[in-house]
file my_file_3.pdb (PDB, C-alpha atoms, pLDDT in the B column)
ATOM      1  CA  MET A1338      -4.062   2.025 -28.962  1.00 85.00           C
ATOM      2  CA  ILE A1339      -1.106   0.101 -27.564  1.00 88.00           C
ATOM      3  CA  THR A1340      -0.872  -1.310 -24.029  1.00 88.00           C
ATOM      4  CA  ILE A1341       2.270   0.040 -22.383  1.00 88.00           C
ATOM      5  CA  ALA A1342       1.942  -1.365 -18.854  1.00 88.00           C
ATOM      6  CA  THR A1343      -0.372  -3.292 -16.562  1.00 88.00           C
ATOM      7  CA  PHE A1344      -0.780  -2.699 -12.847  1.00 88.00           C
ATOM      8  CA  PRO A1345      -2.541  -4.782 -10.182  1.00 85.00           C
ATOM      9  CA  LEU A1346      -3.861  -1.652  -8.442  1.00 84.00           C
ATOM     10  CA  SER A1347      -5.586   1.302 -10.047  1.00 86.00           C
ATOM     11  CA  GLU A1348      -3.680   3.681  -7.755  1.00 88.00           C
ATOM     12  CA  ASP A1349      -0.375   2.586  -9.279  1.00 87.00           C
ATOM     13  CA  ALA A1350      -1.812   2.966 -12.755  1.00 89.00           C
ATOM     14  CA  HIS A1351      -3.020   6.497 -11.987  1.00 90.00           C
ATOM     15  CA  LEU A1352       0.409   7.461 -10.671  1.00 90.00           C
ATOM     16  CA  PHE A1353       2.093   6.296 -13.859  1.00 90.00           C
ATOM     17  CA  ARG A1354      -0.564   7.929 -16.054  1.00 92.00           C
ATOM     18  CA  THR A1355       0.074  11.210 -14.236  1.00 92.00           C
ATOM     19  CA  PHE A1356       3.815  10.742 -14.791  1.00 90.00           C
ATOM     20  CA  LEU A1357       3.146  10.193 -18.501  1.00 92.00           C
ATOM     21  CA  GLU A1358       1.005  13.301 -18.703  1.00 91.00           C
ATOM     22  CA  SER A1359       3.773  15.338 -17.061  1.00 90.00           C
ATOM     23  CA  ARG A1360       5.931  14.270 -20.030  1.00 89.00           C
ATOM     24  CA  GLY A1361       3.259  15.321 -22.522  1.00 89.00           C
ATOM     25  CA  ILE A1362       1.981  11.811 -23.385  1.00 89.00           C
ATOM     26  CA  GLU A1363      -1.728  11.131 -23.085  1.00 91.00           C
ATOM     27  CA  GLY A1364      -2.645   7.730 -21.655  1.00 89.00           C
ATOM     28  CA  PHE A1365      -5.899   5.969 -20.830  1.00 89.00           C
ATOM     29  CA  LEU A1366      -6.706   3.319 -18.224  1.00 90.00           C
ATOM     30  CA  LEU A1367      -8.688   0.224 -19.167  1.00 89.00           C
ATOM     31  CA  ASP A1368     -10.328  -2.328 -16.826  1.00 86.00           C
ATOM     32  CA  GLU A1369      -9.945   0.051 -13.895  1.00 86.00           C
ATOM     33  CA  ASN A1370     -13.499  -0.341 -12.613  1.00 83.00           C
ATOM     34  CA  ILE A1371     -13.437  -4.125 -12.868  1.00 83.00           C
ATOM     35  CA  ALA A1372     -10.165  -4.246 -10.909  1.00 82.00           C
ATOM     36  CA  GLN A1373     -11.682  -2.048  -8.212  1.00 80.00           C
ATOM     37  CA  LEU A1374     -15.064  -3.749  -7.961  1.00 83.00           C
ATOM     38  CA  PHE A1375     -13.787  -7.309  -8.287  1.00 83.00           C
ATOM     39  CA  TRP A1376     -10.322  -6.911  -6.766  1.00 77.00           C
ATOM     40  CA  HIS A1377      -9.912 -10.672  -6.372  1.00 81.00           C
ATOM     41  CA  TYR A1378     -10.085 -11.005 -10.192  1.00 78.00           C
ATOM     42  CA  SER A1379      -7.461  -8.322 -10.799  1.00 77.00           C
ATOM     43  CA  TYR A1380      -4.707 -10.764 -11.739  1.00 78.00           C
ATOM     44  CA  ALA A1381      -7.093 -12.947 -13.738  1.00 80.00           C
ATOM     45  CA  ILE A1382      -8.089 -10.102 -16.068  1.00 81.00           C
ATOM     46  CA  GLY A1383      -4.527  -8.839 -16.334  1.00 82.00           C
ATOM     47  CA  GLY A1384      -4.858  -5.885 -13.990  1.00 84.00           C
ATOM     48  CA  VAL A1385      -5.397  -2.276 -14.963  1.00 89.00           C
ATOM     49  CA  ARG A1386      -4.016  -1.616 -18.451  1.00 90.00           C
ATOM     50  CA  LEU A1387      -2.507   1.687 -19.500  1.00 91.00           C
ATOM     51  CA  VAL A1388      -2.781   2.356 -23.223  1.00 91.00           C
ATOM     52  CA  VAL A1389      -1.375   5.133 -25.398  1.00 92.00           C
ATOM     53  CA  ALA A1390      -1.704   6.111 -29.042  1.00 89.00           C
ATOM     54  CA  GLU A1391       0.502   4.218 -31.492  1.00 89.00           C
ATOM     55  CA  GLU A1392       2.576   7.280 -32.365  1.00 89.00           C
ATOM     56  CA  ASP A1393       3.504   7.734 -28.669  1.00 86.00           C
ATOM     57  CA  GLU A1394       4.545   4.101 -28.140  1.00 85.00           C
ATOM     58  CA  ASP A1395       8.325   4.630 -28.159  1.00 89.00           C
ATOM     59  CA  ASP A1396       8.217   7.696 -25.906  1.00 89.00           C
ATOM     60  CA  ALA A1397       5.813   5.983 -23.501  1.00 89.00           C
ATOM     61  CA  THR A1398       7.962   2.845 -23.327  1.00 89.00           C
ATOM     62  CA  ASN A1399      11.066   4.909 -22.552  1.00 90.00           C
ATOM     63  CA  THR A1400       9.115   6.859 -19.941  1.00 89.00           C
ATOM     64  CA  TYR A1401       7.923   3.585 -18.374  1.00 89.00           C
ATOM     65  CA  HIS A1402      11.511   2.361 -18.028  1.00 89.00           C
ATOM     66  CA  GLU A1403      12.544   5.711 -16.560  1.00 88.00           C
ATOM     67  CA  TYR A1404       9.628   5.592 -14.094  1.00 86.00           C
ATOM     68  CA  MET A1405      10.368   2.041 -12.946  1.00 86.00           C
ATOM     69  CA  SER A1406      14.101   2.694 -12.527  1.00 86.00           C
ATOM     70  CA  ALA A1407      13.293   5.821 -10.496  1.00 82.00           C
ATOM     71  CA  LEU A1408      11.070   3.724  -8.221  1.00 80.00           C
ATOM     72  CA  ARG A1409      13.828   1.168  -7.654  1.00 76.00           C
ATOM     73  CA  THR A1410      16.432   3.781  -6.735  1.00 76.00           C
ATOM     74  CA  GLY A1411      14.264   5.569  -4.190  1.00 66.00           C
ATOM     75  CA  PRO A1412      15.561   7.011  -0.921  1.00 67.00           C
ATOM     76  CA  TYR A1413      15.502   3.938   1.285  1.00 65.00           C
ATOM     77  CA  PRO A1414      17.022   3.897   4.782  1.00 61.00           C
ATOM     78  CA  VAL A1415      20.422   2.253   5.095  1.00 64.00           C
ATOM     79  CA  ALA A1416      19.391   0.175   8.098  1.00 68.00           C
ATOM     80  CA  PRO A1417      15.751  -0.630   8.830  1.00 66.00           C
ATOM     81  CA  VAL A1418      14.356   0.711  12.086  1.00 67.00           C
ATOM     82  CA  ARG A1419      13.758  -2.092  14.537  1.00 76.00           C
ATOM     83  CA  VAL A1420      11.316  -1.179  17.273  1.00 76.00           C
ATOM     84  CA  TRP A1421      10.110  -4.642  18.249  1.00 75.00           C
ATOM     85  CA  PRO A1422      12.516  -4.876  21.259  1.00 81.00           C
ATOM     86  CA  VAL A1423      11.084  -1.629  22.639  1.00 81.00           C
ATOM     87  CA  VAL A1424       7.509  -2.807  22.072  1.00 78.00           C
ATOM     88  CA  ALA A1425       8.251  -6.172  23.708  1.00 79.00           C
ATOM     89  CA  LEU A1426       9.875  -4.487  26.717  1.00 82.00           C
ATOM     90  CA  LEU A1427       6.991  -2.048  27.147  1.00 79.00           C
ATOM     91  CA  SER A1428       4.480  -4.894  26.868  1.00 78.00           C
ATOM     92  CA  ILE A1429       6.242  -6.796  29.619  1.00 78.00           C
ATOM     93  CA  VAL A1430       6.671  -3.753  31.870  1.00 77.00           C
ATOM     94  CA  VAL A1431       3.087  -2.563  31.460  1.00 75.00           C
ATOM     95  CA  GLY A1432       1.312  -5.878  30.950  1.00 69.00           C
ATOM     96  CA  VAL A1433       2.764  -8.026  33.733  1.00 65.00           C
ATOM     97  CA  PRO A1434       1.650  -5.767  36.633  1.00 60.00           C
ATOM     98  CA  LEU A1435      -1.871  -5.732  35.205  1.00 58.00           C
ATOM     99  CA  LEU A1436      -1.881  -9.530  35.116  1.00 57.00           C
ATOM    100  CA  LEU A1437      -0.414  -9.867  38.607  1.00 58.00           C
ATOM    101  CA  PHE A1438      -2.534  -7.350  40.445  1.00 59.00           C
ATOM    102  CA  GLY A1439      -5.774  -7.506  38.450  1.00 57.00           C
ATOM    103  CA  ARG A1440      -8.537  -4.952  38.605  1.00 59.00           C
ATOM    104  CA  ARG A1441      -9.275  -3.170  41.837  1.00 61.00           C
ATOM    105  CA  ASN A1442     -11.698  -0.440  42.858  1.00 61.00           C
ATOM    106  CA  ALA A1443     -10.537   2.976  44.036  1.00 61.00           C
ATOM    107  CA  ASN A1444     -10.589   1.771  47.679  1.00 67.00           C
ATOM    108  CA  GLY A1445      -8.581  -1.386  46.885  1.00 61.00           C
ATOM    109  CA  GLU A1446     -11.446  -3.914  46.938  1.00 64.00           C
ATOM    110  CA  GLU A1447     -12.023  -6.583  44.306  1.00 63.00           C
ATOM    111  CA  PRO A1448     -14.816  -5.644  41.856  1.00 60.00           C
ATOM    112  CA  ILE A1449     -18.152  -7.320  42.395  1.00 62.00           C
ATOM    113  CA  ASP A1450     -19.554  -9.059  39.340  1.00 59.00           C
ATOM    114  CA  ASP A1451     -23.149  -9.339  40.541  1.00 55.00           C
ATOM    115  CA  LEU A1452     -25.459  -9.226  37.554  1.00 56.00           C
ATOM    116  CA  ASN A1453     -28.632 -10.171  39.480  1.00 52.00           C
TER     117      ASN A1453
END

call {"tool": "encode", "arguments": {"input": "my_file_3.pdb", "output": "structure tokens"}}
result
Amino acid sequence: MITIATFPLSEDAHLFRTFLESRGIEGFLLDENIAQLFWHYSYAIGGVRLVVAEEDEDDATNTYHEYMSALRTGPYPVAPVRVWPVVALLSIVVGVPLLLFGRRNANGEEPIDDLN
């Protein structure tokens, strides 16, 4: 068995294993449970390893490069959506009146905080 790739998350490893299987290459994941149970040790143990049989090494390596290049050329937006000005404006418009006028009862009186 030859290690083709390592992943910090088991989800990423499963996605690539599924991609390999769609190409007819059988792969196995090692150290998956350790990476999930002890996630803070994931980088220390080398992450989740994907291994294939030795006769599939060349095909799996080529498939790994194809997979990674397809991830890098994904459909990304040309300009990122910036909503923080709208959120800031809504926070000011909604939040300031609540700070200025406080809480009032239905008849306009200040609430009584009598816990006795």

call {"tool": "atom_distance", "arguments": {"input": "my_file_3.pdb", "atom1": "atom CA of A:Tyr1378", "atom2": "atom CA of A:Thr1355"}}
result
24.8 Å

call {"tool": "residues_around", "arguments": {"input": "my_file_3.pdb", "residues": "A:Glu1358", "least_positions_apart": "4", "cutoff": "12 Å", "atoms": "all atoms listed in the file", "output": "list in words"}}
result
His1351, Leu1352, Phe1353, Arg1354, Ile1362, Glu1363, Gly1364, Phe1365, Val1389, Asp1393, Asp1396, Ala1397, Thr1400 and Tyr1401 of chain A

call {"tool": "axis_aligned_box", "arguments": {"input": "my_file_3.pdb", "around": "stretch 1348-1354 of chain A", "padding_each_side": "5 Å", "output": "AutoDock Vina command-line options"}}
result
--center_x -0.8 --center_y 5.3 --center_z -11.9 --size_x 15.8 --size_y 15.3 --size_z 18.3

call {"tool": "resolve_selection", "arguments": {"input": "my_file_3.pdb", "expression": "the PyMOL selection byres ((chain A and resi 1349) around 12)", "output": "list in words"}}
result
Ala1342, Thr1343, Phe1344, Pro1345, Leu1346, Ser1347, Glu1348, Ala1350, His1351, Leu1352, Phe1353, Arg1354, Thr1355, Phe1356, Leu1366, Glu1369, Gly1384, Val1385, Arg1386, Leu1387, Tyr1404, Met1405 and Leu1408 of chain A

call {"tool": "atom_distance", "arguments": {"input": "my_file_3.pdb", "atom1": "atom CA of A:Glu1392", "atom2": "atom CA of A:Leu1357"}}
result
14.2 Å

call {"tool": "closest_residue", "arguments": {"input": "my_file_3.pdb", "among": "A:Ser1359, A:Gln1373, A:Thr1398, A:Ser1379", "to": "A:Ile1339", "atoms": "all atoms listed in the file"}}
result
A:Thr1398

call {"tool": "atom_distance", "arguments": {"input": "my_file_3.pdb", "atom1": "atom CA of A:Asp1395", "atom2": "atom CA of A:Ile1341"}}
result
9.5 Å

call {"tool": "closest_residue", "arguments": {"input": "my_file_3.pdb", "among": "A:Ala1381, A:Val1424, A:Asn1399, A:Phe1375", "to": "A:Arg1360", "atoms": "all atoms listed in the file"}}
result
A:Asn1399

call {"tool": "build_atoms", "arguments": {"input": "my_file_3.pdb", "residues": "stretch 1339-1374 of chain A", "atoms": "N, CA and C atoms", "output": "short mmCIF file (atom, residue, chain, number, x, y, z; two decimals), in the frame of the given file"}}
result
data_model
loop_
_atom_site.label_atom_id
_atom_site.label_comp_id
_atom_site.auth_asym_id
_atom_site.auth_seq_id
_atom_site.Cartn_x
_atom_site.Cartn_y
_atom_site.Cartn_z
N ILE A 1339 -2.09 1.11 -27.93
CA ILE A 1339 -1.11 0.10 -27.56
C ILE A 1339 -1.01 0.05 -26.03
N THR A 1340 -1.04 -1.15 -25.46
CA THR A 1340 -0.87 -1.31 -24.03
C THR A 1340 0.61 -1.15 -23.68
N ILE A 1341 0.89 -0.22 -22.80
CA ILE A 1341 2.27 0.04 -22.38
C ILE A 1341 2.60 -0.72 -21.11
N ALA A 1342 1.67 -0.73 -20.14
CA ALA A 1342 1.94 -1.36 -18.85
C ALA A 1342 0.64 -1.86 -18.24
N THR A 1343 0.77 -2.83 -17.35
CA THR A 1343 -0.37 -3.29 -16.56
C THR A 1343 0.00 -3.19 -15.09
N PHE A 1344 -0.98 -2.88 -14.28
CA PHE A 1344 -0.78 -2.70 -12.85
C PHE A 1344 -1.86 -3.46 -12.09
N PRO A 1345 -1.52 -4.08 -10.96
CA PRO A 1345 -2.54 -4.78 -10.18
C PRO A 1345 -3.49 -3.83 -9.46
N LEU A 1346 -3.03 -2.63 -9.15
CA LEU A 1346 -3.86 -1.65 -8.44
C LEU A 1346 -4.09 -0.43 -9.31
N SER A 1347 -5.29 0.12 -9.23
CA SER A 1347 -5.59 1.30 -10.05
C SER A 1347 -4.82 2.52 -9.56
N GLU A 1348 -4.45 2.55 -8.28
CA GLU A 1348 -3.68 3.68 -7.76
C GLU A 1348 -2.32 3.76 -8.43
N ASP A 1349 -1.67 2.61 -8.60
CA ASP A 1349 -0.38 2.59 -9.28
C ASP A 1349 -0.51 3.02 -10.73
N ALA A 1350 -1.58 2.59 -11.36
CA ALA A 1350 -1.81 2.97 -12.76
C ALA A 1350 -2.05 4.47 -12.88
N HIS A 1351 -2.78 5.05 -11.95
CA HIS A 1351 -3.02 6.50 -11.99
C HIS A 1351 -1.72 7.27 -11.77
N LEU A 1352 -0.87 6.78 -10.89
CA LEU A 1352 0.41 7.46 -10.67
C LEU A 1352 1.25 7.47 -11.94
N PHE A 1353 1.31 6.34 -12.63
CA PHE A 1353 2.09 6.30 -13.86
C PHE A 1353 1.44 7.12 -14.97
N ARG A 1354 0.12 7.11 -15.05
CA ARG A 1354 -0.56 7.93 -16.05
C ARG A 1354 -0.28 9.41 -15.83
N THR A 1355 -0.26 9.82 -14.56
CA THR A 1355 0.07 11.21 -14.24
C THR A 1355 1.52 11.52 -14.62
N PHE A 1356 2.42 10.57 -14.39
CA PHE A 1356 3.82 10.74 -14.79
C PHE A 1356 3.92 10.88 -16.31
N LEU A 1357 3.16 10.08 -17.04
CA LEU A 1357 3.15 10.19 -18.50
C LEU A 1357 2.63 11.56 -18.95
N GLU A 1358 1.57 12.02 -18.33
CA GLU A 1358 1.00 13.30 -18.70
C GLU A 1358 1.95 14.45 -18.39
N SER A 1359 2.78 14.30 -17.34
CA SER A 1359 3.77 15.34 -17.06
C SER A 1359 4.83 15.39 -18.15
N ARG A 1360 4.99 14.32 -18.91
CA ARG A 1360 5.93 14.27 -20.03
C ARG A 1360 5.25 14.60 -21.36
N GLY A 1361 3.97 14.93 -21.31
CA GLY A 1361 3.26 15.32 -22.52
C GLY A 1361 2.67 14.17 -23.32
N ILE A 1362 2.53 12.99 -22.71
CA ILE A 1362 1.98 11.81 -23.38
C ILE A 1362 0.63 11.50 -22.76
N GLU A 1363 -0.40 11.41 -23.61
CA GLU A 1363 -1.73 11.13 -23.08
C GLU A 1363 -1.96 9.63 -23.01
N GLY A 1364 -2.38 9.15 -21.85
CA GLY A 1364 -2.64 7.73 -21.66
C GLY A 1364 -4.04 7.52 -21.10
N PHE A 1365 -4.57 6.32 -21.31
CA PHE A 1365 -5.90 5.97 -20.83
C PHE A 1365 -5.82 4.66 -20.06
N LEU A 1366 -6.67 4.53 -19.03
CA LEU A 1366 -6.71 3.32 -18.22
C LEU A 1366 -7.90 2.46 -18.64
N LEU A 1367 -7.64 1.18 -18.83
CA LEU A 1367 -8.69 0.22 -19.17
C LEU A 1367 -8.82 -0.79 -18.04
N ASP A 1368 -10.01 -1.31 -17.85
CA ASP A 1368 -10.33 -2.33 -16.83
C ASP A 1368 -10.12 -1.82 -15.40
N GLU A 1369 -10.15 -0.51 -15.23
CA GLU A 1369 -9.94 0.05 -13.90
C GLU A 1369 -11.11 -0.27 -12.97
N ASN A 1370 -12.33 -0.11 -13.46
CA ASN A 1370 -13.50 -0.34 -12.61
C ASN A 1370 -13.65 -1.81 -12.25
N ILE A 1371 -13.35 -2.69 -13.17
CA ILE A 1371 -13.44 -4.12 -12.87
C ILE A 1371 -12.42 -4.50 -11.80
N ALA A 1372 -11.20 -3.95 -11.90
CA ALA A 1372 -10.16 -4.25 -10.91
C ALA A 1372 -10.52 -3.69 -9.53
N GLN A 1373 -11.28 -2.60 -9.50
CA GLN A 1373 -11.68 -2.05 -8.21
C GLN A 1373 -12.88 -2.78 -7.63
N LEU A 1374 -13.86 -3.08 -8.46
CA LEU A 1374 -15.06 -3.75 -7.96
C LEU A 1374 -14.80 -5.22 -7.62
#
